[in-house]
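The structure appears below as structure tokens.
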Amino acid sequence: MIIIGGGAAGLMAAATAGQRGRRALVIEHKSQLGAKILISGGGRCNFTNLDAMPDRFLSNNKHFCKSALKRYTQHDFIALVEKHNIAYHEKKLGQLFCDGSAHAIVNMLRDECEAAGVTLRTGLAVSDVAKSDHFRVSTSGGDFMAANLILATGSLSIPKMGATGFAHDVAKQFGLPITETRPGLVPLTASASDLPWMSGLTGVSADCVVSCNNGRFRENILFTHRGLSGPAILQISSYWREGASLTVDFLPDADADVFIARKKDRPKADIKTILGEILPQRLADCLLGFGLAAGPIGALQDKTLRQMTERLKHWSITPLGSEGYGKAEVTLGGVDTAALSSKTMAAHAVPGLYIIGEAVDVTGWLGGYNFQWAWSSGWCAGQAIP
């Protein structure tokens, strides 16, 4: 069997197949394996999430990921990490990171492959894939033949890391449908009307709830010179569509009377001071500049304070666009799951062809979910290779 792509999904599939006694060759066009693993999590690799459940994944078929995630779970991968004595910790929200370098995860996968007799070839550019009775993969290092082929080359996000639409192109070559693709887990850019005040807050971060369509996340948002970023924005970007508005709750822990209570306790305090105790002061000053209120809180009517609270809890922002694939952590969409077996990742119409990882129309939330999909889908393909 041949696996094109020496990243998370490809190495997992190769190791799994090799452990079953299957001969496996991994072809990677970059000079090193696991390039995306190495840059993830600030170099510490957020390798899975304790809460990696199917409802944390987006797809045109929300049920497709269930089989793989159930058959190879986050706990299975954690056991592998522990087997290799890799120290790790939970950062927040179930996110697991290496204590040390992400190199530990790449080394673990390489060691698993080598122990299973997998051949690893890096620096080979694939120029053509063809099929007759076998698959023929033409590369800069010659042609390779195999009865089974796994596409594990990822997708369009982070092209500077060598990401391409190769898997989608090959899938289309064999007649498999591709769903709409777009950047996911990506910063959003501000409209012309919002950019002046947002760029003035560059570097300011705040704990907020951000909602759009069916998505709702509570984490930090970060103002940038081009718009909005931070975990909450990256999360909601996967649910956002061009022209849609975000609803931002700047006071996620506050009830409708939050300022009325403070008015009773400190009537002489300026509203800027009061709001600055809840939000970063620069953000508080900016938002109040939209005409919400001004002056000592004791001079403001309860109705005005409630209206201000309502506005701050339902602040509407309509982004202009996103930062695109260059800044996107993942690609939404991909090979249509209707063309694949959810149990094996095999293409129904092309015997011997398997497609795994980010190339498939399955996209996880921020926080280790997409790596878990890589491990789970890779394991399923590795188990299925005859």
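Every chain in the structure tokens takes a letter, A first, then B, and so on in the order presented; its residues are numbered from 1, and the ligands are numbered from 1 following the presented order.
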
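Excluding Asp76 (chain A) and any residue on its chain fewer than 5 positions from it, the residues at most 10 Å away by only C-alpha atoms are Arg71, Val81, Glu82, Trp375 and Ser376 of chain A.
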
Picked from region 98-329 of chain A by DSSP as helix (DSSP H, G or I), as a VMD selection string: chain A and resid 103 to 115 159 to 161 166 to 173 195 to 199 231 to 237 258 to 265 271 to 276 281 to 288 297 to 299 302 to 313

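Nearest residue to Lys172 (chain A) among A:Phe144, A:Leu292, A:Asp249, A:Gly334 is A:Gly334, counting only C-alpha atoms.
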
Please identify all polymer residues within 9 Å of Cys45 (chain A), counting only C-alpha atoms, omitting same-chain residues fewer than 4 positions from it, and present them as an mmCIF file with N, CA, C and O atoms, in the first residue's frame.
```
data_model
loop_
_atom_site.group_PDB
_atom_site.id
_atom_site.type_symbol
_atom_site.label_atom_id
_atom_site.label_comp_id
_atom_site.auth_asym_id
_atom_site.auth_seq_id
_atom_site.Cartn_x
_atom_site.Cartn_y
_atom_site.Cartn_z
ATOM 1 N N ILE A 37 2.130 19.175 12.453
ATOM 2 C CA ILE A 37 2.171 18.798 13.868
ATOM 3 C C ILE A 37 3.166 19.687 14.611
ATOM 4 O O ILE A 37 2.902 20.152 15.723
ATOM 5 N N LEU A 38 4.299 19.929 13.987
ATOM 6 C CA LEU A 38 5.390 20.653 14.648
ATOM 7 C C LEU A 38 5.044 22.098 14.962
ATOM 8 O O LEU A 38 5.539 22.658 15.942
ATOM 9 N N ILE A 39 4.166 22.717 14.154
ATOM 10 C CA ILE A 39 3.828 24.119 14.414
ATOM 11 C C ILE A 39 2.571 24.273 15.257
ATOM 12 O O ILE A 39 2.245 25.374 15.699
ATOM 13 N N SER A 40 1.875 23.183 15.484
ATOM 14 C CA SER A 40 0.591 23.270 16.184
ATOM 15 C C SER A 40 0.787 23.555 17.670
ATOM 16 O O SER A 40 1.808 23.188 18.267
ATOM 17 N N GLY A 41 -0.196 24.224 18.242
ATOM 18 C CA GLY A 41 -0.172 24.489 19.681
ATOM 19 C C GLY A 41 1.040 25.268 20.127
ATOM 20 O O GLY A 41 1.571 25.025 21.217
ATOM 21 N N LEU A 96 -5.363 18.895 25.298
ATOM 22 C CA LEU A 96 -4.151 18.253 25.785
ATOM 23 C C LEU A 96 -2.945 18.676 24.947
ATOM 24 O O LEU A 96 -2.978 18.598 23.716
ATOM 25 N N PHE A 97 -1.903 19.119 25.631
ATOM 26 C CA PHE A 97 -0.668 19.576 25.000
ATOM 27 C C PHE A 97 0.521 18.791 25.549
ATOM 28 O O PHE A 97 0.509 18.362 26.707
ATOM 29 N N CYS A 98 1.559 18.657 24.734
ATOM 30 C CA CYS A 98 2.830 18.126 25.228
ATOM 31 C C CYS A 98 3.422 19.115 26.229
ATOM 32 O O CYS A 98 3.336 20.328 26.032
ATOM 33 N N SER A 101 8.220 19.594 23.511
ATOM 34 C CA SER A 101 8.070 19.953 22.100
ATOM 35 C C SER A 101 7.131 19.017 21.352
ATOM 36 O O SER A 101 7.007 17.827 21.675
ATOM 37 N N ALA A 102 6.506 19.565 20.308
ATOM 38 C CA ALA A 102 5.681 18.760 19.411
ATOM 39 C C ALA A 102 6.504 17.696 18.681
ATOM 40 O O ALA A 102 5.942 16.735 18.145
ATOM 41 N N HIS A 103 7.811 17.868 18.673
ATOM 42 C CA HIS A 103 8.678 16.850 18.062
ATOM 43 C C HIS A 103 8.438 15.486 18.691
ATOM 44 O O HIS A 103 8.620 14.455 18.026
ATOM 45 N N ILE A 105 5.644 14.077 19.455
ATOM 46 C CA ILE A 105 4.548 13.392 18.765
ATOM 47 C C ILE A 105 5.015 12.870 17.411
ATOM 48 O O ILE A 105 4.703 11.730 17.029
ATOM 49 N N GLY A 368 -7.638 20.607 19.370
ATOM 50 C CA GLY A 368 -7.204 19.222 19.302
ATOM 51 C C GLY A 368 -8.167 18.296 18.587
ATOM 52 O O GLY A 368 -7.862 17.124 18.358
#
```

Shell around Val204 (chain A) at 10 Å using only C-alpha atoms, local window under 6 positions removed, as a list in words: Met198, Asn220, Ile221, Leu222, Phe223, Thr224, Leu279, Pro280, Gln281, Arg282 and Leu283 of chain A

Export, as a compact mmCIF listing (two decimals), in the first residue's frame, the selected residues with N, CA and C atoms.
```
# COMPACT_ATOMS: atom_id res chain seq x y z
N MET A 198 -11.96 49.06 15.76
CA MET A 198 -11.33 47.78 16.08
C MET A 198 -9.81 47.88 16.04
N ASN A 220 -11.84 33.89 24.71
CA ASN A 220 -11.37 35.25 24.46
C ASN A 220 -11.52 35.63 22.99
N ILE A 221 -11.83 36.92 22.77
CA ILE A 221 -11.67 37.50 21.45
C ILE A 221 -10.48 38.45 21.51
N LEU A 222 -9.83 38.62 20.38
CA LEU A 222 -8.66 39.49 20.29
C LEU A 222 -8.86 40.47 19.15
N PHE A 223 -8.72 41.74 19.46
CA PHE A 223 -8.80 42.77 18.42
C PHE A 223 -7.45 42.87 17.73
N THR A 224 -7.49 43.00 16.39
CA THR A 224 -6.26 43.11 15.60
C THR A 224 -6.34 44.34 14.71
N LEU A 279 -14.46 44.99 31.96
CA LEU A 279 -13.76 44.83 30.69
C LEU A 279 -12.41 45.54 30.73
N PRO A 280 -11.50 45.19 29.83
CA PRO A 280 -10.28 45.99 29.71
C PRO A 280 -10.65 47.46 29.50
N GLN A 281 -9.93 48.36 30.15
CA GLN A 281 -10.34 49.76 30.15
C GLN A 281 -10.41 50.36 28.75
N ARG A 282 -9.46 50.01 27.88
CA ARG A 282 -9.50 50.53 26.51
C ARG A 282 -10.77 50.09 25.80
N LEU A 283 -11.18 48.86 26.01
CA LEU A 283 -12.39 48.36 25.38
C LEU A 283 -13.62 49.04 25.99
```

Who sits within 10 Å of region 115-119 of chain A, only C-alpha atoms, same chain under 2 positions skipped, as number ranges by chain: A: 2, 11, 14-27, 109-113, 121

List every residue of region 238-348 of chain A that has an atom at most 10 Å from any atom of region 226-234 of chain A, giving for each one its closest atom pair and the distance in Å to one decimal, counting only C-alpha atoms, sorted by chain and then by ascending residue number, as a tab-separated table.
```
residue	atom	partner	partner_atom	distance
A:Ser238	CA	A:Leu234	CA	7.3
A:Tyr239	CA	A:Leu234	CA	9.7
A:Trp240	CA	A:Ile233	CA	9.6
A:Leu246	CA	A:Ile233	CA	9.4
A:Val248	CA	A:Ala232	CA	9.9
A:Pro319	CA	A:Gly227	CA	7.9
A:Leu320	CA	A:Gly227	CA	8.9
A:Gly321	CA	A:Gly227	CA	9.4
A:Ser322	CA	A:Gly227	CA	9.1
A:Glu323	CA	A:Arg226	CA	8.9
A:Ala328	CA	A:Leu234	CA	8.6
A:Glu329	CA	A:Leu234	CA	8.7
```

9 Å contact set for Glu180 (chain A), only C-alpha atoms, chain neighbours under 4 positions out, as an MDAnalysis selection string: chainID A and resid 332:334 361

Selection: 10 Å around Phe174 (chain A), only C-alpha atoms, excl. self and same-chain fewer than 4 positions, as a list in words: Val129, Ala130, Lys131, His168, Asp169, Val170, Ala347, Ala349, Val350 and Leu353 of chain A

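When CA of Ser157 (chain A) is paired with CA of Ala244 (chain A), their separation reads 22.2 Å.
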
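When only C-alpha atoms are used to measure the gap to Thr363 (chain A), the shortest distance among A:Lys70, A:Lys62, A:Arg216, A:Lys92 belongs to A:Lys62.
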
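Interatomic distance, CA of Gly295 (chain A) against CA of Ile278 (chain A): 17.0 Å.
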
Residues flagged strand (DSSP E or B) by DSSP in region 189-324 of chain A, as a ChimeraX atom specification: /A:189,205-212,215-223,227-229,246-249,270,296,315-317,321-322

Residue nearest Asn213 (chain A) - candidates A:Arg44, A:Arg241, A:Lys66, A:His225, atoms counted: only C-alpha atoms: A:Arg241

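Closest approach to Phe371 (chain A) from the set A:Ile385, A:Ala9, A:Leu185, A:Leu33 is made by A:Ala9, with distances taken over only C-alpha atoms.
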
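Going from CA of Tyr369 (chain A) over to CA of Phe57 (chain A), you cover 7.8 Å.
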